[in-house]
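Reviewing the structure listed below.
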Amino acid sequence: MTALRELAARHGVATSFYGWDGQHREVSESTLRSVLAALEVPAQDEDQVAASLAEHELAAWRRLLPPVVVSTAGTARGFAVHVPHGTGVEVTIGTEDGGDLAAAQRDVYVDPREVDGVLIGRAEFEVPADLPPGWHTLHATARDAAGLLVTATCSLIVTPARLSTTDLLTGAQRWGVTTQLYSVRSHRSWGVGDFGDLAELATTFGSVHGADFVLVNPLHAAQARPPLETSPYLPTTRRFVNPLYLRVEDVPEVALLGESDREELARTAAGFAAVNADPELIDRDTAYAEKLRILEGLFTVPRSPERQGDFEEFRAEQGPGLVDFATWCALTEELEPDDPRWTDEASGPATAWVAQRREELADRVEFYTWLQWLCDEQLAAAQDAALDAGMTLGVVHDLAVGVQGHGADAWALGSALARGVEVGAPPDDFNQQGQGWGQPPWRPDRLAELGYAPYRDMLRTVLAHAGGLRVDHILGLFRLWWIPADADSPAEGTYVTYDHEALVGILALEAERAGAVVIGEDLGVFEPFVQDYLSQRGILGTSILWFERDWGKPRPVEGFRELCLTAVTTHDLPPTAGYLAGAHIALRAKLGLLERDVETEQRVDAEQREAVLEEARARGLLAPGASVPETVKALHQLVLRSPSRLIGVALVDLVGEARIQNQPGTNDTQYTNWRIPLADADGDVVYVEDLAAADFGDFLHP
């Protein structure tokens, strides 16, 4: 192994990997240097590589305590403390509930070594096995080489060995509806599905159709003002919520408006009737502009003392992170995206210029914090409605992989996100050219330095009113595909590994506290141990009927995983009616996304579809010559025969929609991703109000 490849390996950068086709591939040196640069590891020539190797070797010895310690409840965990050789050290644990206890030292000897001219020793201490899950603190006190007292602290995170909420999913199989909320409109919508529609959707499917959950797309915030990014999977922040989904009429202060303002609100709402009836494309920008106009007026309406108290409590709970996000929103009102001040005086929330502008824009900052409070209230109401309707889980939220490279999180989180690279996926059978998602990845080293606080805060907000959380590309908690900015294609990237025990453990800890289940979207190329590890930690996986194969043949549904959410389709595929027609192959061919000729792709795809259909026929679920609607129903009856604890039924399949919602690896100029409103097989808009009277029995009963 060359010195460069050794350096990359020490920093968790893969020097080779196995692709989707099982072939072993070496990573180029140029990719390794670019990825190391994104980790701020100098490696552009031999001297830099040698110096960086030496620095890595000594880095831990220069620290009194590690950056962070993450352990698992029920298992003792050792950690190293470094002090001048022969010097004593005292280590204590400050518990989350305010307690204090001494950390026991292990009888482990490690030879001292010279570091920066000082002989440094290593002592090993222990996190006790019976320390309860939570966010604790390690404290160390020692003396340096000059005899002066030195102290250090770091986060100590104890995670549950297994997420217990998953073990409550026993007994009868549970099913729920999966949908893109923005596409589901009611007669009260303003052209885009909203939180009121979510509450009604949950009420209908819970009380009328007997569903246990409704799984929605990520509700993360986009830009502060139009134009908005259309993809819910490319947000500006993953911690905060998109006010686009607010139902304006449900804001309590509406009742305090004067008569003329109420009439104006009614006229604005009525003006969206024609938009709601349009089955073509969703217009987020017009809807959001009108909502902001009305909401800015409502913001000035005096709140009752009780309401004001609730608002202030929400702001205190969210802390500086909410203020930073709201400040970014306010700044975007006066700074264009290409304004040079974003790279200088407005480069982050801690600059003096930003601090001054935050004071000058205090009213606008408060407005954007107020919008988040309203979102929190309406999401809570939707979850309450779901549970009141008899759902066992209620609303299941979706966590996107990452954020925009020039959005609120990228601005506020600073070096926690890597620069000069983007997240994506290597070539696979689904997209044979690879994918670049335009998202800066977490830096694993900086996450540890920050005690995983940004990750924790994000999870807490998303889980606040959730019965469950789907984690998109949960494989990214193990490794992510980093693509250098100067790469010619997404294929010229490499994997960077993460501390999956820490990331999965913290996910389990926060979900445990929220009383939520976690569903990992574990599709694609992954290491063999990943699915077993997630199952051991109580994290459900994901199975899509078309992708479940053994040695090239469909896996019998009876052999599907139990700890899993199983569905016929997903938002990255056409609705089942479209998939049966080969719409995905036709679109990918049109967009030039195929590596093989279209005839070969169509033949292979048809053979694979037919093999799955034969599975349904073999069980007497599908008759020869069945219609498309009958076939779609039969496939759902097929997955209901799996042992999977959760079954997802796509709303588009229930109503007969065939249009593709999203084609991965494309942008708005190539395809109308994320802008297709819910419609039936005839192209007529389906409203939330229509769903209570619909007969979905054939889908839901084997």
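Chains: A, B, ... in order of the structure tokens. Residues: from 1 per chain. Ligands: from 1, in order shown.
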
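Shell of range 279-296 of chain A at 6 Å, with only C-alpha atoms counted and residues fewer than 3 places along the chain excluded, is Trp190, Pro226, Pro227, Leu244, Phe299, Arg675, Ile676, Pro677 and Val685 of chain A.
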
Just the strand (DSSP E or B) stuff from range 477-594 of chain A, please, per backbone DSSP, written as a PyMOL selection string.
-> chain A and resi 479-484+494-497+517-520+540-544+549-550+553-554+564-567

Since we have the selection now, will you write its residues out, keeping N, CA, C and O atoms, as an mmCIF file, in the first residue's frame?
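So result-v7.cif came out as:
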```cif
data_model
loop_
_atom_site.group_PDB
_atom_site.id
_atom_site.type_symbol
_atom_site.label_atom_id
_atom_site.label_comp_id
_atom_site.auth_asym_id
_atom_site.auth_seq_id
_atom_site.Cartn_x
_atom_site.Cartn_y
_atom_site.Cartn_z
ATOM 1 N N ARG A 479 -21.460 4.542 5.563
ATOM 2 C CA ARG A 479 -20.511 5.118 4.620
ATOM 3 C C ARG A 479 -21.295 5.927 3.600
ATOM 4 O O ARG A 479 -22.461 5.639 3.319
ATOM 5 N N LEU A 480 -20.654 6.952 3.066
ATOM 6 C CA LEU A 480 -21.263 7.786 2.040
ATOM 7 C C LEU A 480 -20.323 7.888 0.845
ATOM 8 O O LEU A 480 -19.097 7.896 0.999
ATOM 9 N N TRP A 481 -20.926 8.004 -0.314
ATOM 10 C CA TRP A 481 -20.164 8.153 -1.548
ATOM 11 C C TRP A 481 -19.856 9.633 -1.740
ATOM 12 O O TRP A 481 -20.757 10.435 -1.956
ATOM 13 N N TRP A 482 -18.582 9.995 -1.592
ATOM 14 C CA TRP A 482 -18.146 11.384 -1.744
ATOM 15 C C TRP A 482 -17.613 11.576 -3.160
ATOM 16 O O TRP A 482 -16.758 10.818 -3.623
ATOM 17 N N ILE A 483 -18.093 12.614 -3.827
ATOM 18 C CA ILE A 483 -17.683 12.914 -5.197
ATOM 19 C C ILE A 483 -16.959 14.256 -5.206
ATOM 20 O O ILE A 483 -17.551 15.282 -4.837
ATOM 21 N N PRO A 484 -15.693 14.303 -5.591
ATOM 22 C CA PRO A 484 -14.982 15.591 -5.646
ATOM 23 C C PRO A 484 -15.654 16.558 -6.619
ATOM 24 O O PRO A 484 -16.207 16.137 -7.648
ATOM 25 N N THR A 494 -15.554 8.065 -4.048
ATOM 26 C CA THR A 494 -15.176 6.942 -3.199
ATOM 27 C C THR A 494 -16.005 7.001 -1.925
ATOM 28 O O THR A 494 -16.627 8.020 -1.607
ATOM 29 N N TYR A 495 -15.983 5.902 -1.190
ATOM 30 C CA TYR A 495 -16.715 5.846 0.069
ATOM 31 C C TYR A 495 -15.886 6.436 1.210
ATOM 32 O O TYR A 495 -14.672 6.229 1.285
ATOM 33 N N VAL A 496 -16.589 7.141 2.090
ATOM 34 C CA VAL A 496 -15.996 7.604 3.344
ATOM 35 C C VAL A 496 -16.807 6.981 4.469
ATOM 36 O O VAL A 496 -18.040 7.061 4.479
ATOM 37 N N THR A 497 -16.120 6.337 5.395
ATOM 38 C CA THR A 497 -16.818 5.634 6.463
ATOM 39 C C THR A 497 -17.129 6.565 7.631
ATOM 40 O O THR A 497 -16.424 7.548 7.886
ATOM 41 N N VAL A 517 -40.789 4.522 16.085
ATOM 42 C CA VAL A 517 -40.048 3.462 15.405
ATOM 43 C C VAL A 517 -39.176 4.105 14.330
ATOM 44 O O VAL A 517 -39.421 5.241 13.910
ATOM 45 N N VAL A 518 -38.163 3.384 13.887
ATOM 46 C CA VAL A 518 -37.279 3.878 12.835
ATOM 47 C C VAL A 518 -37.242 2.863 11.703
ATOM 48 O O VAL A 518 -37.066 1.657 11.933
ATOM 49 N N ILE A 519 -37.399 3.371 10.487
ATOM 50 C CA ILE A 519 -37.357 2.549 9.281
ATOM 51 C C ILE A 519 -36.187 3.024 8.437
ATOM 52 O O ILE A 519 -36.148 4.181 8.019
ATOM 53 N N GLY A 520 -35.238 2.162 8.211
ATOM 54 C CA GLY A 520 -34.096 2.531 7.397
ATOM 55 C C GLY A 520 -34.319 2.142 5.948
ATOM 56 O O GLY A 520 -34.653 0.990 5.650
ATOM 57 N N LEU A 540 -35.866 -1.023 11.586
ATOM 58 C CA LEU A 540 -36.480 -1.762 10.497
ATOM 59 C C LEU A 540 -35.790 -1.447 9.179
ATOM 60 O O LEU A 540 -35.278 -0.340 8.993
ATOM 61 N N GLY A 541 -35.816 -2.411 8.268
ATOM 62 C CA GLY A 541 -35.302 -2.185 6.934
ATOM 63 C C GLY A 541 -36.436 -1.885 5.966
ATOM 64 O O GLY A 541 -37.579 -1.668 6.357
ATOM 65 N N THR A 542 -36.108 -1.867 4.694
ATOM 66 C CA THR A 542 -37.079 -1.587 3.638
ATOM 67 C C THR A 542 -36.944 -2.639 2.541
ATOM 68 O O THR A 542 -35.834 -2.942 2.108
ATOM 69 N N SER A 543 -38.074 -3.174 2.112
ATOM 70 C CA SER A 543 -38.095 -4.101 0.980
ATOM 71 C C SER A 543 -39.086 -3.590 -0.059
ATOM 72 O O SER A 543 -40.221 -3.255 0.283
ATOM 73 N N ILE A 544 -38.637 -3.529 -1.291
ATOM 74 C CA ILE A 544 -39.498 -3.179 -2.421
ATOM 75 C C ILE A 544 -39.650 -4.438 -3.274
ATOM 76 O O ILE A 544 -38.657 -5.083 -3.623
ATOM 77 N N ARG A 549 -34.560 -10.121 -4.714
ATOM 78 C CA ARG A 549 -34.148 -11.186 -5.626
ATOM 79 C C ARG A 549 -33.120 -12.093 -4.951
ATOM 80 O O ARG A 549 -32.322 -11.650 -4.117
ATOM 81 N N ASP A 550 -33.158 -13.347 -5.337
ATOM 82 C CA ASP A 550 -32.167 -14.333 -4.925
ATOM 83 C C ASP A 550 -31.581 -14.976 -6.174
ATOM 84 O O ASP A 550 -32.312 -15.628 -6.937
ATOM 85 N N LYS A 553 -33.429 -14.358 -9.359
ATOM 86 C CA LYS A 553 -34.860 -14.674 -9.410
ATOM 87 C C LYS A 553 -35.590 -13.979 -8.264
ATOM 88 O O LYS A 553 -34.988 -13.669 -7.233
ATOM 89 N N PRO A 554 -36.904 -13.718 -8.431
ATOM 90 C CA PRO A 554 -37.638 -13.071 -7.345
ATOM 91 C C PRO A 554 -37.591 -13.910 -6.067
ATOM 92 O O PRO A 554 -37.761 -15.133 -6.111
ATOM 93 N N CYS A 564 -39.181 -5.158 8.953
ATOM 94 C CA CYS A 564 -39.079 -4.482 7.669
ATOM 95 C C CYS A 564 -40.382 -3.767 7.332
ATOM 96 O O CYS A 564 -41.466 -4.161 7.788
ATOM 97 N N LEU A 565 -40.267 -2.689 6.558
ATOM 98 C CA LEU A 565 -41.403 -2.078 5.874
ATOM 99 C C LEU A 565 -41.333 -2.562 4.427
ATOM 100 O O LEU A 565 -40.371 -2.278 3.719
ATOM 101 N N THR A 566 -42.343 -3.305 4.018
ATOM 102 C CA THR A 566 -42.374 -3.852 2.670
ATOM 103 C C THR A 566 -43.452 -3.162 1.856
ATOM 104 O O THR A 566 -44.556 -2.905 2.351
ATOM 105 N N ALA A 567 -43.131 -2.856 0.606
ATOM 106 C CA ALA A 567 -44.068 -2.183 -0.296
ATOM 107 C C ALA A 567 -43.842 -2.682 -1.713
ATOM 108 O O ALA A 567 -42.793 -3.262 -2.027
#
```

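For the set A:Ile157, A:Glu26, A:Ala362, A:Trp411, the residue with the smallest atom-to-atom gap to Asp344 in chain A is A:Trp411, counting only C-alpha atoms.
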
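Candidate residues A:Ala618, A:Ala650, A:Ala346, A:Val462 were compared for distance to Ala330 in chain A, and the nearest is A:Ala346, using only C-alpha atoms.
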
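What separates CA of Val70 in chain A from CA of Thr92 in chain A is a distance of 15.5 Å.
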
Hey, what's within 9 Å of Gly451 in chain A if we count only C-alpha atoms and toss same-chain stuff fewer than 5 positions away? As a list in words, please?
-> Pro67, Val68, Val69, Cys154, Ser155, Leu156, Ile157 and Arg446 of chain A

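Taking CA of Ala152 in chain A and CA of Ala352 in chain A as the two end points, the separation is 28.4 Å.
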
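Distance check against Arg63 in chain A using only C-alpha atoms: of A:Ala350, A:Ile539, A:Glu312, A:Glu449, the minimum falls on A:Glu449.
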
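Distance annotation: of A:Ala355, A:Val628, A:Val216, A:Val688, the residue with the minimal separation from Leu469 in chain A is A:Val216; atom set is only C-alpha atoms.
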
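Using only C-alpha atoms, the residues found no farther than 9 Å from Ala129 in chain A, other than those of its own chain fewer than 3 positions away, are Ser71, Thr72, Ala73, Gly74, Thr75, Ala76, Arg77, Glu126 and Pro132 of chain A.
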
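Considering the residues A:Thr2, A:Thr87, A:Ser207, A:Thr461 and counting only C-alpha atoms, Leu53 in chain A has its shortest atom-to-atom contact with A:Thr2.
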
Could you pull out the alpha helix (DSSP H) residues of range 253-410 of chain A from DSSP and send them as an MDAnalysis selection string?
-> chainID A and resid 259:270 273:276 284:299 305:318 320:332 352:360 362:388 408:410

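Proximity of A:Leu622, A:Leu580, A:Ala277, A:Val158 to Gly191 in chain A, computed with only C-alpha atoms, is greatest for A:Ala277.
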
Kindly provide the residues of range 360-447 of chain A that approach range 251-270 of chain A to within 10 Å, each paired with its closest atom pair and their distance in Å to one decimal, based on only C-alpha atoms, listed by chain and increasing number, as CSV.
```
residue,atom,partner,partner_atom,distance
A:Leu374,CA,A:Val251,CA,7.2
A:Cys375,CA,A:Val251,CA,9.8
A:Glu377,CA,A:Val251,CA,9.1
A:Gln378,CA,A:Val251,CA,8.5
```

Go ahead and write the selection's residues with N, CA, C and O atoms as a PDB file, in the first residue's frame.
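Saved the output as result02.pdb:
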```pdb
ATOM      1  N   LEU A 374     -45.597  27.845  14.384  1.00  0.00           N
ATOM      2  CA  LEU A 374     -46.860  27.452  13.765  1.00  0.00           C
ATOM      3  C   LEU A 374     -46.747  26.066  13.140  1.00  0.00           C
ATOM      4  O   LEU A 374     -47.670  25.243  13.257  1.00  0.00           O
ATOM      5  N   CYS A 375     -45.645  25.798  12.462  1.00  0.00           N
ATOM      6  CA  CYS A 375     -45.440  24.470  11.883  1.00  0.00           C
ATOM      7  C   CYS A 375     -45.464  23.400  12.968  1.00  0.00           C
ATOM      8  O   CYS A 375     -46.079  22.334  12.801  1.00  0.00           O
ATOM      9  N   GLU A 377     -46.950  23.500  15.859  1.00  0.00           N
ATOM     10  CA  GLU A 377     -48.315  23.337  16.349  1.00  0.00           C
ATOM     11  C   GLU A 377     -49.157  22.495  15.393  1.00  0.00           C
ATOM     12  O   GLU A 377     -49.902  21.598  15.819  1.00  0.00           O
ATOM     13  N   GLN A 378     -49.061  22.776  14.104  1.00  0.00           N
ATOM     14  CA  GLN A 378     -49.907  22.075  13.147  1.00  0.00           C
ATOM     15  C   GLN A 378     -49.440  20.635  12.934  1.00  0.00           C
ATOM     16  O   GLN A 378     -50.259  19.748  12.690  1.00  0.00           O
TER      17      GLN A 378
END
```

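One finds CA of Asp310 in chain A at 19.4 Å from CA of Leu463 in chain A.
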
Residues at most 12 Å from Ala8 in chain A, counting only C-alpha atoms, excluding those fewer than 4 positions away in the same chain, as number ranges by chain?
-> A: 1-4, 12-16, 27-43, 49-50, 52-53, 56, 494-497

Please identify all polymer residues within 12 Å of His82 in chain A, counting only C-alpha atoms, omitting same-chain residues fewer than 2 positions from it, and present them as a count of residues only.
-> 42

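For range 171-187 of chain A, the set of protein, DNA and RNA residues having any atom at most 6 Å away, when counting only C-alpha atoms and skipping those fewer than 4 positions along the same chain, is Val192, Gly193, Ala211, Asp212, Phe213, Val214, Leu215, Val216, Asn217, Arg645, Leu646, Ile647, Gly648, Val649, Ala650, Leu651, Pro677, Leu678, Tyr687 and Val688 of chain A.
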
Could those selected residues go to a file with N, CA, C and O atoms, as a PDB file, in the first residue's frame?
```pdb
ATOM      1  N   VAL A 192     -51.315  23.265  -2.974  1.00  0.00           N
ATOM      2  CA  VAL A 192     -50.310  22.345  -2.449  1.00  0.00           C
ATOM      3  C   VAL A 192     -50.876  21.699  -1.196  1.00  0.00           C
ATOM      4  O   VAL A 192     -51.507  22.376  -0.383  1.00  0.00           O
ATOM      5  N   GLY A 193     -50.651  20.393  -1.038  1.00  0.00           N
ATOM      6  CA  GLY A 193     -51.091  19.735   0.188  1.00  0.00           C
ATOM      7  C   GLY A 193     -50.490  20.394   1.410  1.00  0.00           C
ATOM      8  O   GLY A 193     -49.354  20.867   1.388  1.00  0.00           O
ATOM      9  N   ALA A 211     -55.941   2.022   8.679  1.00  0.00           N
ATOM     10  CA  ALA A 211     -54.488   2.115   8.544  1.00  0.00           C
ATOM     11  C   ALA A 211     -53.844   2.439   9.890  1.00  0.00           C
ATOM     12  O   ALA A 211     -54.459   3.038  10.774  1.00  0.00           O
ATOM     13  N   ASP A 212     -52.583   2.063  10.013  1.00  0.00           N
ATOM     14  CA  ASP A 212     -51.840   2.306  11.252  1.00  0.00           C
ATOM     15  C   ASP A 212     -50.871   3.470  11.148  1.00  0.00           C
ATOM     16  O   ASP A 212     -50.353   3.934  12.158  1.00  0.00           O
ATOM     17  N   PHE A 213     -50.582   3.923   9.937  1.00  0.00           N
ATOM     18  CA  PHE A 213     -49.663   5.051   9.791  1.00  0.00           C
ATOM     19  C   PHE A 213     -49.843   5.695   8.433  1.00  0.00           C
ATOM     20  O   PHE A 213     -50.432   5.103   7.509  1.00  0.00           O
ATOM     21  N   VAL A 214     -49.358   6.920   8.328  1.00  0.00           N
ATOM     22  CA  VAL A 214     -49.235   7.602   7.047  1.00  0.00           C
ATOM     23  C   VAL A 214     -47.799   8.112   6.954  1.00  0.00           C
ATOM     24  O   VAL A 214     -47.337   8.861   7.819  1.00  0.00           O
ATOM     25  N   LEU A 215     -47.087   7.630   5.952  1.00  0.00           N
ATOM     26  CA  LEU A 215     -45.687   7.994   5.738  1.00  0.00           C
ATOM     27  C   LEU A 215     -45.620   9.082   4.684  1.00  0.00           C
ATOM     28  O   LEU A 215     -46.110   8.906   3.565  1.00  0.00           O
ATOM     29  N   VAL A 216     -45.018  10.223   5.029  1.00  0.00           N
ATOM     30  CA  VAL A 216     -44.960  11.369   4.123  1.00  0.00           C
ATOM     31  C   VAL A 216     -43.521  11.652   3.715  1.00  0.00           C
ATOM     32  O   VAL A 216     -42.570  11.156   4.320  1.00  0.00           O
ATOM     33  N   ASN A 217     -43.382  12.464   2.676  1.00  0.00           N
ATOM     34  CA  ASN A 217     -42.065  12.906   2.213  1.00  0.00           C
ATOM     35  C   ASN A 217     -41.401  13.799   3.265  1.00  0.00           C
ATOM     36  O   ASN A 217     -42.066  14.274   4.193  1.00  0.00           O
ATOM     37  N   ARG A 645     -43.416  -6.769   9.317  1.00  0.00           N
ATOM     38  CA  ARG A 645     -44.307  -6.190  10.335  1.00  0.00           C
ATOM     39  C   ARG A 645     -45.072  -4.977   9.824  1.00  0.00           C
ATOM     40  O   ARG A 645     -46.154  -4.668  10.320  1.00  0.00           O
ATOM     41  N   LEU A 646     -44.477  -4.239   8.873  1.00  0.00           N
ATOM     42  CA  LEU A 646     -45.143  -3.069   8.314  1.00  0.00           C
ATOM     43  C   LEU A 646     -45.282  -3.232   6.807  1.00  0.00           C
ATOM     44  O   LEU A 646     -44.347  -3.676   6.139  1.00  0.00           O
ATOM     45  N   ILE A 647     -46.438  -2.848   6.280  1.00  0.00           N
ATOM     46  CA  ILE A 647     -46.695  -2.866   4.848  1.00  0.00           C
ATOM     47  C   ILE A 647     -47.054  -1.444   4.417  1.00  0.00           C
ATOM     48  O   ILE A 647     -47.940  -0.814   5.004  1.00  0.00           O
ATOM     49  N   GLY A 648     -46.357  -0.943   3.415  1.00  0.00           N
ATOM     50  CA  GLY A 648     -46.655   0.385   2.885  1.00  0.00           C
ATOM     51  C   GLY A 648     -47.427   0.272   1.586  1.00  0.00           C
ATOM     52  O   GLY A 648     -47.049  -0.496   0.686  1.00  0.00           O
ATOM     53  N   VAL A 649     -48.514   1.019   1.493  1.00  0.00           N
ATOM     54  CA  VAL A 649     -49.334   1.042   0.281  1.00  0.00           C
ATOM     55  C   VAL A 649     -49.299   2.463  -0.272  1.00  0.00           C
ATOM     56  O   VAL A 649     -49.735   3.407   0.399  1.00  0.00           O
ATOM     57  N   ALA A 650     -48.761   2.618  -1.467  1.00  0.00           N
ATOM     58  CA  ALA A 650     -48.630   3.951  -2.054  1.00  0.00           C
ATOM     59  C   ALA A 650     -50.001   4.508  -2.414  1.00  0.00           C
ATOM     60  O   ALA A 650     -50.810   3.829  -3.059  1.00  0.00           O
ATOM     61  N   LEU A 651     -50.243   5.736  -2.019  1.00  0.00           N
ATOM     62  CA  LEU A 651     -51.526   6.368  -2.334  1.00  0.00           C
ATOM     63  C   LEU A 651     -51.736   6.456  -3.841  1.00  0.00           C
ATOM     64  O   LEU A 651     -52.863   6.330  -4.317  1.00  0.00           O
ATOM     65  N   PRO A 677     -49.309  16.419  -9.168  1.00  0.00           N
ATOM     66  CA  PRO A 677     -50.386  16.318  -8.173  1.00  0.00           C
ATOM     67  C   PRO A 677     -51.101  14.968  -8.271  1.00  0.00           C
ATOM     68  O   PRO A 677     -51.056  14.311  -9.310  1.00  0.00           O
ATOM     69  N   LEU A 678     -51.721  14.561  -7.200  1.00  0.00           N
ATOM     70  CA  LEU A 678     -52.410  13.279  -7.155  1.00  0.00           C
ATOM     71  C   LEU A 678     -53.605  13.281  -8.105  1.00  0.00           C
ATOM     72  O   LEU A 678     -54.473  14.150  -8.042  1.00  0.00           O
ATOM     73  N   TYR A 687     -59.094  14.388  -4.589  1.00  0.00           N
ATOM     74  CA  TYR A 687     -59.034  15.218  -3.392  1.00  0.00           C
ATOM     75  C   TYR A 687     -59.049  14.346  -2.141  1.00  0.00           C
ATOM     76  O   TYR A 687     -59.551  13.210  -2.149  1.00  0.00           O
ATOM     77  N   VAL A 688     -58.526  14.896  -1.059  1.00  0.00           N
ATOM     78  CA  VAL A 688     -58.558  14.182   0.216  1.00  0.00           C
ATOM     79  C   VAL A 688     -59.989  13.805   0.574  1.00  0.00           C
ATOM     80  O   VAL A 688     -60.241  12.706   1.087  1.00  0.00           O
TER      81      VAL A 688
END
```
